[in-house]
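Listing of data_21.txt, compact mmCIF, C-alpha atoms
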# COMPACT_ATOMS: atom_id res chain seq x y z
CA MET Q 1 16.36 -17.66 1.68
CA ASN Q 2 18.40 -14.67 0.52
CA SER Q 3 18.69 -12.56 -2.61
CA ARG Q 4 20.68 -15.23 -4.43
CA ALA Q 5 17.79 -17.63 -3.97
CA LEU Q 6 15.38 -15.10 -5.40
CA ARG Q 7 17.41 -14.80 -8.56
CA ARG Q 8 16.92 -18.54 -9.07
CA THR Q 9 13.15 -18.27 -8.65
CA ALA Q 10 11.01 -18.15 -11.77
CA VAL Q 11 7.71 -16.30 -11.56
CA LEU Q 12 5.22 -15.49 -14.30
CA THR Q 13 5.81 -12.12 -15.90
CA VAL Q 14 2.83 -9.82 -15.93
CA ALA Q 15 2.30 -6.40 -17.36
CA VAL Q 16 1.28 -3.80 -14.84
CA SER Q 17 -1.14 -1.22 -16.08
CA THR Q 18 0.00 2.28 -15.33
CA SER Q 19 -1.60 5.65 -14.95
CA ALA Q 20 0.75 8.59 -14.76
CA LEU Q 21 -0.06 11.69 -12.76
CA VAL Q 22 -0.67 14.73 -14.87
CA LEU Q 23 2.25 16.45 -13.20
CA ALA Q 24 4.64 13.62 -13.81
CA GLY Q 25 5.12 12.93 -17.49
CA CYS Q 26 6.72 9.72 -18.72
CA ALA Q 27 9.38 7.92 -16.72
CA GLY Q 28 11.01 4.55 -16.18
CA SER Q 29 10.77 2.61 -12.99
CA SER Q 30 13.46 4.43 -11.06
CA GLY Q 31 14.35 7.61 -12.88
CA SER Q 32 17.28 7.95 -15.26
CA SER Q 33 20.56 9.71 -15.77
CA SER Q 34 18.83 12.28 -17.98
CA GLU Q 35 17.32 13.75 -14.82
CA SER Q 36 20.69 15.01 -13.60
CA ASP Q 37 19.93 18.54 -14.78
CA GLY Q 38 16.36 18.61 -13.48
CA PRO Q 39 13.93 17.01 -11.06
CA ILE Q 40 14.33 13.31 -10.39
CA THR Q 41 11.41 11.01 -11.13
CA LEU Q 42 10.14 8.72 -8.38
CA THR Q 43 7.73 5.93 -9.27
CA VAL Q 44 5.14 4.59 -6.83
CA ALA Q 45 3.50 1.25 -7.63
CA THR Q 46 0.21 0.36 -5.92
CA PHE Q 47 -2.98 -1.63 -6.56
CA ASN Q 48 -6.63 -1.23 -5.59
CA ASP Q 49 -7.01 2.23 -4.02
CA PHE Q 50 -4.52 3.51 -1.46
CA GLY Q 51 -6.07 6.99 -1.45
CA TYR Q 52 -3.10 8.46 -3.30
CA THR Q 53 -4.98 10.91 -5.50
CA ASP Q 54 -3.36 13.22 -8.02
CA GLU Q 55 -4.01 16.11 -5.65
CA LEU Q 56 -2.36 14.36 -2.72
CA LEU Q 57 0.80 13.53 -4.65
CA ALA Q 58 0.86 17.00 -6.19
CA ALA Q 59 1.07 18.42 -2.66
CA TYR Q 60 4.34 16.56 -2.12
CA GLN Q 61 5.71 17.79 -5.42
CA ASP Q 62 4.80 21.36 -4.51
CA GLU Q 63 6.85 20.99 -1.33
CA HIS Q 64 9.66 19.17 -3.16
CA PRO Q 65 10.16 20.76 -6.60
CA GLU Q 66 13.21 18.55 -7.08
CA VAL Q 67 10.87 15.52 -7.37
CA LYS Q 68 8.36 14.37 -9.96
CA ILE Q 69 6.09 11.42 -9.14
CA VAL Q 70 4.64 8.77 -11.43
CA HIS Q 71 1.92 6.63 -9.89
CA ASN Q 72 1.68 3.15 -11.44
CA LYS Q 73 -1.46 1.25 -10.42
CA ALA Q 74 -1.73 -2.47 -11.22
CA ALA Q 75 -5.01 -3.81 -12.54
CA THR Q 76 -5.20 -6.29 -9.63
CA SER Q 77 -3.20 -7.11 -6.53
CA ASN Q 78 -2.36 -10.48 -8.10
CA ASP Q 79 -0.77 -8.68 -11.04
CA ALA Q 80 1.19 -6.51 -8.64
CA ARG Q 81 2.35 -9.51 -6.64
CA ALA Q 82 3.60 -11.43 -9.67
CA ASN Q 83 5.44 -8.37 -10.96
CA TYR Q 84 6.99 -7.72 -7.54
CA PHE Q 85 8.50 -11.14 -7.02
CA GLN Q 86 9.56 -11.54 -10.65
CA LYS Q 87 11.62 -8.33 -10.53
CA LEU Q 88 12.72 -7.95 -6.89
CA GLY Q 89 16.52 -7.85 -6.76
CA LYS Q 90 16.71 -7.28 -10.52
CA LYS Q 91 15.52 -4.27 -12.48
CA GLY Q 92 12.13 -2.88 -13.34
CA LEU Q 93 10.47 -2.26 -10.00
CA ALA Q 94 9.23 1.14 -8.93
CA ASP Q 95 11.15 3.23 -6.41
CA ILE Q 96 8.32 2.49 -3.96
CA GLU Q 97 6.38 -0.76 -4.19
CA ALA Q 98 3.19 -1.48 -2.25
CA ILE Q 99 2.68 -4.97 -0.82
CA GLU Q 100 -0.22 -6.67 0.94
CA VAL Q 101 0.24 -8.03 4.45
CA ASP Q 102 -0.44 -11.52 3.10
CA TRP Q 103 2.70 -11.32 0.95
CA LEU Q 104 4.93 -11.01 4.00
CA PRO Q 105 5.83 -14.70 4.41
CA GLU Q 106 7.47 -14.60 0.99
CA VAL Q 107 8.74 -11.02 1.24
CA MET Q 108 10.62 -11.87 4.43
CA LYS Q 109 12.74 -14.41 2.54
CA TYR Q 110 14.21 -11.51 0.57
CA SER Q 111 14.29 -8.78 3.21
CA ASP Q 112 17.94 -8.08 2.36
CA LEU Q 113 16.74 -6.72 -0.99
CA LEU Q 114 14.72 -3.96 0.68
CA ALA Q 115 15.93 -0.73 2.27
CA PRO Q 116 14.99 -0.84 5.99
CA VAL Q 117 12.69 1.76 7.47
CA PRO Q 118 14.80 4.19 9.57
CA ASP Q 119 14.79 3.33 13.25
CA ASP Q 120 13.41 6.71 14.30
CA LEU Q 121 10.15 5.96 12.47
CA LYS Q 122 9.43 2.56 14.02
CA SER Q 123 7.32 3.97 16.86
CA ARG Q 124 4.98 5.63 14.37
CA TRP Q 125 2.79 2.55 13.95
CA LEU Q 126 0.77 0.29 16.20
CA ASP Q 127 3.07 -2.34 17.70
CA TRP Q 128 1.43 -5.26 15.94
CA LYS Q 129 1.64 -3.52 12.56
CA THR Q 130 5.39 -3.03 12.99
CA GLU Q 131 5.97 -6.52 14.38
CA ALA Q 132 4.41 -8.20 11.35
CA ALA Q 133 6.91 -6.55 8.96
CA THR Q 134 10.09 -6.90 11.04
CA ASP Q 135 12.59 -9.49 9.84
CA PRO Q 136 14.66 -11.81 12.10
CA ASP Q 137 17.50 -9.26 12.13
CA GLY Q 138 15.22 -6.57 13.52
CA ASN Q 139 14.84 -4.64 10.29
CA LEU Q 140 11.44 -3.13 9.58
CA ILE Q 141 11.06 -3.66 5.85
CA GLY Q 142 7.75 -1.91 5.19
CA TYR Q 143 6.17 1.47 5.85
CA GLY Q 144 2.71 0.62 7.19
CA THR Q 145 -0.24 2.04 5.29
CA ASP Q 146 -3.74 0.80 6.11
CA ILE Q 147 -5.07 -1.89 8.44
CA GLY Q 148 -8.31 -3.88 8.69
CA PRO Q 149 -9.50 -3.78 12.32
CA GLU Q 150 -12.69 -5.81 12.68
CA ALA Q 151 -16.07 -5.05 14.20
CA ILE Q 152 -19.45 -6.72 13.72
CA CYS Q 153 -21.81 -5.53 11.00
CA TYR Q 154 -25.46 -6.48 11.48
CA ARG Q 155 -28.97 -5.98 10.13
CA SER Q 156 -31.09 -4.19 12.74
CA ASP Q 157 -34.37 -5.26 11.08
CA LEU Q 158 -33.40 -8.91 11.30
CA PHE Q 159 -32.35 -8.49 14.94
CA GLU Q 160 -35.71 -6.88 15.67
CA ALA Q 161 -37.54 -9.78 14.06
CA ALA Q 162 -35.68 -12.13 16.39
CA GLY Q 163 -36.53 -10.08 19.47
CA LEU Q 164 -32.91 -9.02 19.94
CA PRO Q 165 -31.65 -5.50 20.72
CA THR Q 166 -31.11 -3.28 17.69
CA ALA Q 167 -29.23 -0.18 18.93
CA PRO Q 168 -25.47 -0.44 18.24
CA ASP Q 169 -24.42 -0.04 21.89
CA ASP Q 170 -26.94 -2.67 22.97
CA VAL Q 171 -25.81 -5.06 20.26
CA ALA Q 172 -22.20 -4.54 21.37
CA SER Q 173 -23.18 -5.40 24.95
CA LEU Q 174 -25.13 -8.43 23.74
CA ILE Q 175 -22.20 -9.89 21.78
CA ASP Q 176 -19.34 -8.75 24.02
CA GLY Q 177 -17.28 -11.71 25.19
CA ASP Q 178 -15.63 -14.67 23.52
CA TRP Q 179 -16.60 -16.65 20.44
CA ALA Q 180 -18.82 -18.91 22.54
CA LYS Q 181 -20.87 -15.82 23.40
CA TYR Q 182 -21.14 -14.84 19.72
CA PHE Q 183 -22.39 -18.30 18.83
CA GLU Q 184 -24.72 -18.29 21.83
CA VAL Q 185 -26.40 -15.16 20.46
CA GLY Q 186 -26.44 -16.83 17.06
CA ALA Q 187 -28.26 -19.81 18.50
CA GLN Q 188 -30.88 -17.46 19.96
CA TYR Q 189 -31.32 -15.79 16.60
CA ALA Q 190 -31.56 -19.03 14.64
CA SER Q 191 -34.03 -20.49 17.13
CA ALA Q 192 -36.25 -17.41 16.95
CA THR Q 193 -36.21 -17.02 13.17
CA GLY Q 194 -35.12 -20.29 11.62
CA LYS Q 195 -32.62 -18.27 9.59
CA ALA Q 196 -28.85 -17.92 9.42
CA PHE Q 197 -26.97 -15.70 11.86
CA PHE Q 198 -23.69 -15.35 9.94
CA ASP Q 199 -22.61 -15.61 6.32
CA SER Q 200 -20.18 -18.53 6.18
CA ALA Q 201 -18.09 -20.89 8.26
CA GLY Q 202 -14.99 -19.97 6.24
CA GLY Q 203 -15.23 -16.24 6.83
CA THR Q 204 -15.93 -16.73 10.53
CA TYR Q 205 -13.08 -19.23 10.89
CA GLN Q 206 -10.70 -16.71 9.33
CA GLY Q 207 -11.57 -14.08 11.91
CA MET Q 208 -11.00 -16.62 14.68
CA ILE Q 209 -7.72 -18.04 13.39
CA ASN Q 210 -6.32 -14.53 12.89
CA GLN Q 211 -6.35 -14.18 16.67
CA VAL Q 212 -3.94 -17.11 17.12
CA GLU Q 213 -0.31 -16.05 17.36
CA ALA Q 214 1.08 -19.26 15.84
CA ALA Q 215 -1.67 -21.37 14.31
CA TYR Q 216 0.01 -23.53 11.70
CA GLU Q 217 3.81 -23.20 12.06
CA ASP Q 218 6.32 -22.83 14.86
CA PRO Q 219 7.84 -19.34 14.53
CA LYS Q 220 11.23 -20.54 15.79
CA SER Q 221 11.68 -23.78 13.89
CA GLY Q 222 9.28 -23.34 11.00
CA ASP Q 223 7.86 -26.81 11.72
CA ILE Q 224 4.23 -27.40 10.82
CA ILE Q 225 2.15 -27.68 13.99
CA ALA Q 226 -1.35 -27.29 12.55
CA THR Q 227 -2.41 -30.90 13.08
CA GLU Q 228 -1.36 -30.92 16.73
CA ASN Q 229 -2.28 -27.36 17.73
CA PRO Q 230 -5.25 -27.54 20.14
CA GLU Q 231 -6.22 -23.94 19.32
CA VAL Q 232 -6.73 -24.82 15.67
CA LYS Q 233 -8.82 -27.87 16.51
CA ASP Q 234 -10.92 -25.92 19.02
CA ILE Q 235 -11.64 -23.15 16.50
CA TYR Q 236 -12.50 -25.64 13.75
CA ASP Q 237 -14.82 -27.56 16.06
CA GLN Q 238 -16.53 -24.40 17.33
CA VAL Q 239 -17.24 -22.98 13.91
CA THR Q 240 -18.38 -26.25 12.33
CA GLU Q 241 -20.73 -26.98 15.22
CA ALA Q 242 -22.22 -23.50 15.06
CA SER Q 243 -22.47 -23.45 11.27
CA ALA Q 244 -24.94 -26.33 11.19
CA ALA Q 245 -27.78 -24.03 12.29
CA GLN Q 246 -26.27 -20.55 12.15
CA SER Q 247 -24.40 -20.26 8.83
CA ALA Q 248 -25.95 -19.22 5.54
CA HIS Q 249 -23.35 -21.49 3.88
CA LEU Q 250 -22.40 -18.79 1.40
CA GLY Q 251 -18.77 -18.83 0.33
CA GLN Q 252 -17.34 -15.35 0.63
CA TRP Q 253 -17.10 -13.47 -2.70
CA SER Q 254 -19.52 -15.86 -4.42
CA ASP Q 255 -22.50 -14.47 -6.33
CA ASP Q 256 -24.88 -15.82 -3.70
CA TRP Q 257 -22.82 -14.18 -0.94
CA PHE Q 258 -22.98 -10.80 -2.66
CA ALA Q 259 -26.74 -11.26 -3.07
CA GLY Q 260 -27.00 -12.17 0.61
CA LEU Q 261 -25.77 -8.72 1.57
CA SER Q 262 -29.08 -7.33 0.35
CA ASN Q 263 -31.62 -10.16 0.56
CA GLY Q 264 -31.37 -10.87 4.29
CA ALA Q 265 -29.70 -14.27 3.96
CA PHE Q 266 -27.77 -13.60 7.19
CA ALA Q 267 -27.94 -11.14 10.08
CA THR Q 268 -24.29 -10.56 10.97
CA MET Q 269 -20.83 -10.77 9.50
CA LEU Q 270 -17.27 -10.10 10.61
CA CYS Q 271 -16.51 -6.65 9.36
CA PRO Q 272 -13.08 -5.01 8.84
CA GLY Q 273 -13.28 -1.33 7.98
CA TRP Q 274 -12.81 -1.89 4.24
CA MET Q 275 -15.81 -4.26 4.22
CA LEU Q 276 -18.16 -1.31 4.69
CA GLY Q 277 -17.72 -0.35 1.05
CA VAL Q 278 -18.37 -3.93 -0.08
CA ILE Q 279 -21.64 -4.03 1.85
CA SER Q 280 -22.88 -0.60 0.84
CA GLY Q 281 -21.95 -1.19 -2.78
CA ASN Q 282 -23.94 -4.43 -2.96
CA ALA Q 283 -26.90 -3.58 -0.74
CA GLN Q 284 -27.70 -0.08 -1.87
CA ASP Q 285 -31.42 -0.34 -1.18
CA VAL Q 286 -31.04 -1.75 2.34
CA THR Q 287 -31.40 0.86 5.08
CA THR Q 288 -30.84 -1.30 8.16
CA TRP Q 289 -27.16 -2.26 8.08
CA ASN Q 290 -25.26 -0.98 11.14
CA VAL Q 291 -21.94 -1.51 12.91
CA ALA Q 292 -21.44 -2.61 16.52
CA ASN Q 293 -18.26 -1.60 18.34
CA VAL Q 294 -17.42 -5.14 19.39
CA PHE Q 295 -15.49 -8.18 18.24
CA PRO Q 296 -15.31 -11.61 19.91
CA ASN Q 297 -12.18 -12.02 22.05
CA GLY Q 298 -11.52 -8.28 21.83
CA GLY Q 299 -9.71 -7.46 18.62
CA GLY Q 300 -8.87 -8.86 15.22
CA ASN Q 301 -7.35 -7.60 11.99
CA TRP Q 302 -8.06 -8.66 8.43
CA GLY Q 303 -5.96 -7.04 5.74
CA GLY Q 304 -3.66 -4.08 5.35
CA SER Q 305 -0.65 -3.09 3.30
CA TYR Q 306 2.85 -1.61 3.38
CA LEU Q 307 5.13 0.42 1.15
CA THR Q 308 8.57 -1.07 0.47
CA VAL Q 309 11.68 0.52 -1.04
CA PRO Q 310 13.81 -1.82 -3.20
CA ALA Q 311 17.42 -1.45 -2.06
CA ASN Q 312 18.79 -1.39 -5.61
CA GLY Q 313 16.67 1.54 -6.75
CA ALA Q 314 18.25 4.57 -8.37
CA HIS Q 315 16.93 7.00 -5.74
CA VAL Q 316 16.68 5.06 -2.48
CA LYS Q 317 17.04 8.01 -0.08
CA GLU Q 318 14.51 10.10 -1.98
CA ALA Q 319 12.13 7.14 -2.15
CA GLN Q 320 12.45 6.62 1.60
CA ALA Q 321 11.61 10.29 2.16
CA LEU Q 322 8.50 9.96 -0.01
CA ALA Q 323 7.46 6.69 1.69
CA ASP Q 324 7.92 8.47 5.02
CA TRP Q 325 5.58 11.26 3.90
CA LEU Q 326 2.99 8.91 2.38
CA THR Q 327 2.73 7.03 5.67
CA SER Q 328 2.88 10.02 7.99
CA PRO Q 329 -0.15 10.38 10.25
CA GLU Q 330 -1.35 13.50 8.45
CA THR Q 331 -1.14 11.94 5.00
CA GLN Q 332 -2.79 8.73 6.13
CA VAL Q 333 -5.77 10.67 7.47
CA LYS Q 334 -6.07 12.29 4.04
CA ALA Q 335 -5.85 8.86 2.38
CA PHE Q 336 -8.64 7.69 4.71
CA GLU Q 337 -10.78 10.63 3.59
CA ASN Q 338 -9.99 9.83 -0.05
CA ALA Q 339 -10.51 6.07 -0.06
CA GLY Q 340 -11.52 4.84 3.41
CA THR Q 341 -8.13 3.19 4.02
CA PHE Q 342 -7.94 2.93 7.80
CA PRO Q 343 -4.68 4.34 9.24
CA SER Q 344 -2.16 2.25 11.16
CA GLN Q 345 -0.30 5.16 12.76
CA VAL Q 346 -0.74 5.90 16.45
CA LYS Q 347 -1.07 9.67 16.01
CA ALA Q 348 -3.47 9.25 13.10
CA LEU Q 349 -5.76 7.27 15.39
CA GLU Q 350 -5.92 10.36 17.62
CA SER Q 351 -6.99 12.65 14.78
CA ASP Q 352 -10.25 14.55 15.28
CA THR Q 353 -10.93 14.13 11.57
CA LEU Q 354 -10.73 10.36 11.89
CA LEU Q 355 -12.51 10.05 15.22
CA SER Q 356 -15.44 12.19 14.09
CA SER Q 357 -15.94 10.27 10.84
CA THR Q 358 -19.37 8.69 10.30
CA ASN Q 359 -20.86 6.48 7.60
CA GLU Q 360 -24.24 7.55 6.28
CA PHE Q 361 -25.14 4.16 4.78
CA PHE Q 362 -24.63 2.47 8.13
CA ASN Q 363 -27.10 4.82 9.80
CA ASN Q 364 -24.39 7.37 10.53
CA ALA Q 365 -22.37 4.89 12.56
CA PRO Q 366 -19.31 6.60 14.13
CA VAL Q 367 -16.97 4.41 12.14
CA GLY Q 368 -13.85 6.46 12.91
CA GLN Q 369 -14.24 5.88 16.64
CA ILE Q 370 -15.42 2.29 16.24
CA PHE Q 371 -12.51 1.11 14.14
CA THR Q 372 -10.00 3.09 16.18
CA ASP Q 373 -11.22 1.24 19.26
CA ARG Q 374 -11.05 -2.05 17.37
CA ALA Q 375 -7.50 -1.31 16.16
CA ASN Q 376 -6.36 -0.57 19.69
CA ALA Q 377 -7.91 -3.84 20.86
CA VAL Q 378 -5.74 -5.98 18.55
CA THR Q 379 -2.98 -7.75 20.49
CA VAL Q 380 -1.79 -10.45 18.09
CA ALA Q 381 0.16 -10.25 14.84
CA PRO Q 382 -0.28 -13.85 13.61
CA PHE Q 383 2.85 -15.62 12.44
CA LYS Q 384 2.44 -16.56 8.79
CA GLY Q 385 5.31 -18.72 7.61
CA GLN Q 386 5.98 -20.13 4.18
CA TYR Q 387 3.27 -22.78 4.47
CA TYR Q 388 0.60 -20.64 6.09
CA PHE Q 389 -1.55 -20.03 3.03
CA GLN Q 390 -1.33 -23.61 1.77
CA ILE Q 391 -2.57 -24.87 5.11
CA ASN Q 392 -5.18 -22.16 5.46
CA ASP Q 393 -6.52 -22.89 1.98
CA ALA Q 394 -6.81 -26.55 2.95
CA MET Q 395 -8.75 -25.60 6.08
CA GLN Q 396 -11.07 -23.37 4.06
CA LYS Q 397 -11.73 -26.19 1.58
CA ALA Q 398 -12.48 -28.55 4.46
CA LEU Q 399 -14.99 -26.05 5.84
CA THR Q 400 -16.58 -25.72 2.41
CA ARG Q 401 -17.05 -29.47 2.23
CA VAL Q 402 -18.69 -29.44 5.67
CA GLU Q 403 -21.11 -26.70 4.60
CA THR Q 404 -22.14 -28.21 1.26
I need this file expressed as structure tokens, please.
Amino acid sequence: MNSRALRRTAVLTVAVSTSALVLAGCAGSSGSSSESDGPITLTVATFNDFGYTDELLAAYQDEHPEVKIVHNKAATSNDARANYFQKLGKKGLADIEAIEVDWLPEVMKYSDLLAPVPDDLKSRWLDWKTEAATDPDGNLIGYGTDIGPEAICYRSDLFEAAGLPTAPDDVASLIDGDWAKYFEVGAQYASATGKAFFDSAGGTYQGMINQVEAAYEDPKSGDIIATENPEVKDIYDQVTEASAAQSAHLGQWSDDWFAGLSNGAFATMLCPGWMLGVISGNAQDVTTWNVANVFPNGGGNWGGSYLTVPANGAHVKEAQALADWLTSPETQVKAFENAGTFPSQVKALESDTLLSSTNEFFNNAPVGQIFTDRANAVTVAPFKGQYYFQINDAMQKALTRVET
């Protein structure tokens, strides 16, 4: 589908809450003709927390006095998504618009409405990060920001009670291998304690299915292959069999799941870098959470975002220059320091600042090194076509029925 199709698509209009930088003043979405005698205004639209503090953006303005920046932050990513697709190809979007990786199946239908990332920047990111945002014509349509490489978070006190190793390196050695090995350790834990090893079948399934290059649709034809794909069946069978004795049966993001982070309802969970804040924020009195530098089958990614530049913006070249700077290795390390957003740039992953980073809540786990190793272990950028999320939601609902 091209830009003409987008203009026929009706999407709910939402209002995006905005917060302007103190250095920016008021501005429209793309600057205006009144700026001809002074600095141009560039708008950046994000959601959640990309680590783009006032101080960080002020540094760019100091280096580029011809530019003023307004940072518009949506109340939720859902608000941002609705606004993005309602206005893409029309008017009203920011000069730079953030998108989540999970929007890409739809974004790719309208890639002609986005200014491509210059070719000389493509090698900046990990291969799988670039591959996921490259359209069929070879255009990279997003400047990669953060990623969600996955490790295993665990409760050392619960491991000790089960007679299992508790030191992070020993836990990594214990779990290292494929998913069968992970569930084998889970069976040991459940047998020794009578308690759950992991939080939910749905969350575990998601980590497993994210390692499949083409789970539900054929990348070439777009045909649905979910019902005949042996990898999907094998993963579903593995996780449902294990969940009978090993799952706490707590749907992720439910009240009981949040409570389980602190009350010992489960001993392990799949853990992308951004999950650390979720755990620490909901288990503040627990002192035994830790992170093992391991993930079944080597590497997996959950989450991440990009910056896109609408091709019909008033200041496309200037917006591309700002997007370049915001996703440079140096800036992404600063964003990591500001908000814990884990960088996707190759050189950023070599930064001493990143590699020496620790997390006090997780018993000073060397999270910079751990998640760098996990990012480098990822080999698959799963294909997510137009039906991916419908099918995945159906699979998640099926797993919920099995667990309840």
Non-local contacts of Q:Pro149 (10 Å; only C-alpha atoms; under 4 positions in same chain excluded) as a PyMOL selection string: chain Q and resi 271-274+295+299-304+342-344+370-378
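In this structure, atom CA of Q:Pro366 sits 21.5 Å away from atom CA of Q:Leu164.
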Interatomic distance (Å, one decimal) between atom CA of Q:Glu131 and atom CA of Q:Phe336: 22.6 Å
Distance query Q:Ala192 at most 9 Å, all atoms listed in the file, self and fewer than 6 positions along chain excluded, as a VMD selection string: chain Q and resid 161 to 163
Minimum-distance residue to Q:Lys91, chosen among Q:Ala292, Q:Ala74, Q:Ala314, Q:Met108 (using all atoms listed in the file): Q:Ala314
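A straight line drawn from atom CA of Q:Pro296 to atom CA of Q:Asp234 is 15.0 Å long.
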Exercise: Q:Gly385 partners within 7 Å, all atoms listed in the file, chain neighbours under 5 positions left out, as a ChimeraX atom specification: /Q:105,217,222
Can I get the selected residues back with C-alpha atoms, as a JSON list (two decimals), in the frame of the given file?
[["chain", "number", "residue", "atom", "x", "y", "z"],
["Q", 105, "PRO", "CA", 5.83, -14.70, 4.41],
["Q", 217, "GLU", "CA", 3.81, -23.20, 12.06],
["Q", 222, "GLY", "CA", 9.28, -23.34, 11.00]]
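Residues in contact with stretch 346-351 of chain Q at up to 8 Å, not including ones fewer than 6 positions away on its chain and judged by all atoms listed in the file, are Q:Arg124, Q:Trp125, Q:Leu126, Q:Pro329, Q:Glu330, Q:Gln332, Q:Val333, Q:Thr372.
The smallest atom-to-atom distance between Q:Asp176 and any of Q:Gln252, Q:Asn293, Q:Thr41, Q:Asn363, using only C-alpha atoms, is found for Q:Asn293.
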Residue with smallest distance to Q:Thr227 - pool Q:Val286, Q:Ala215, Q:Pro118, Q:Ala248, counting only C-alpha atoms: Q:Ala215
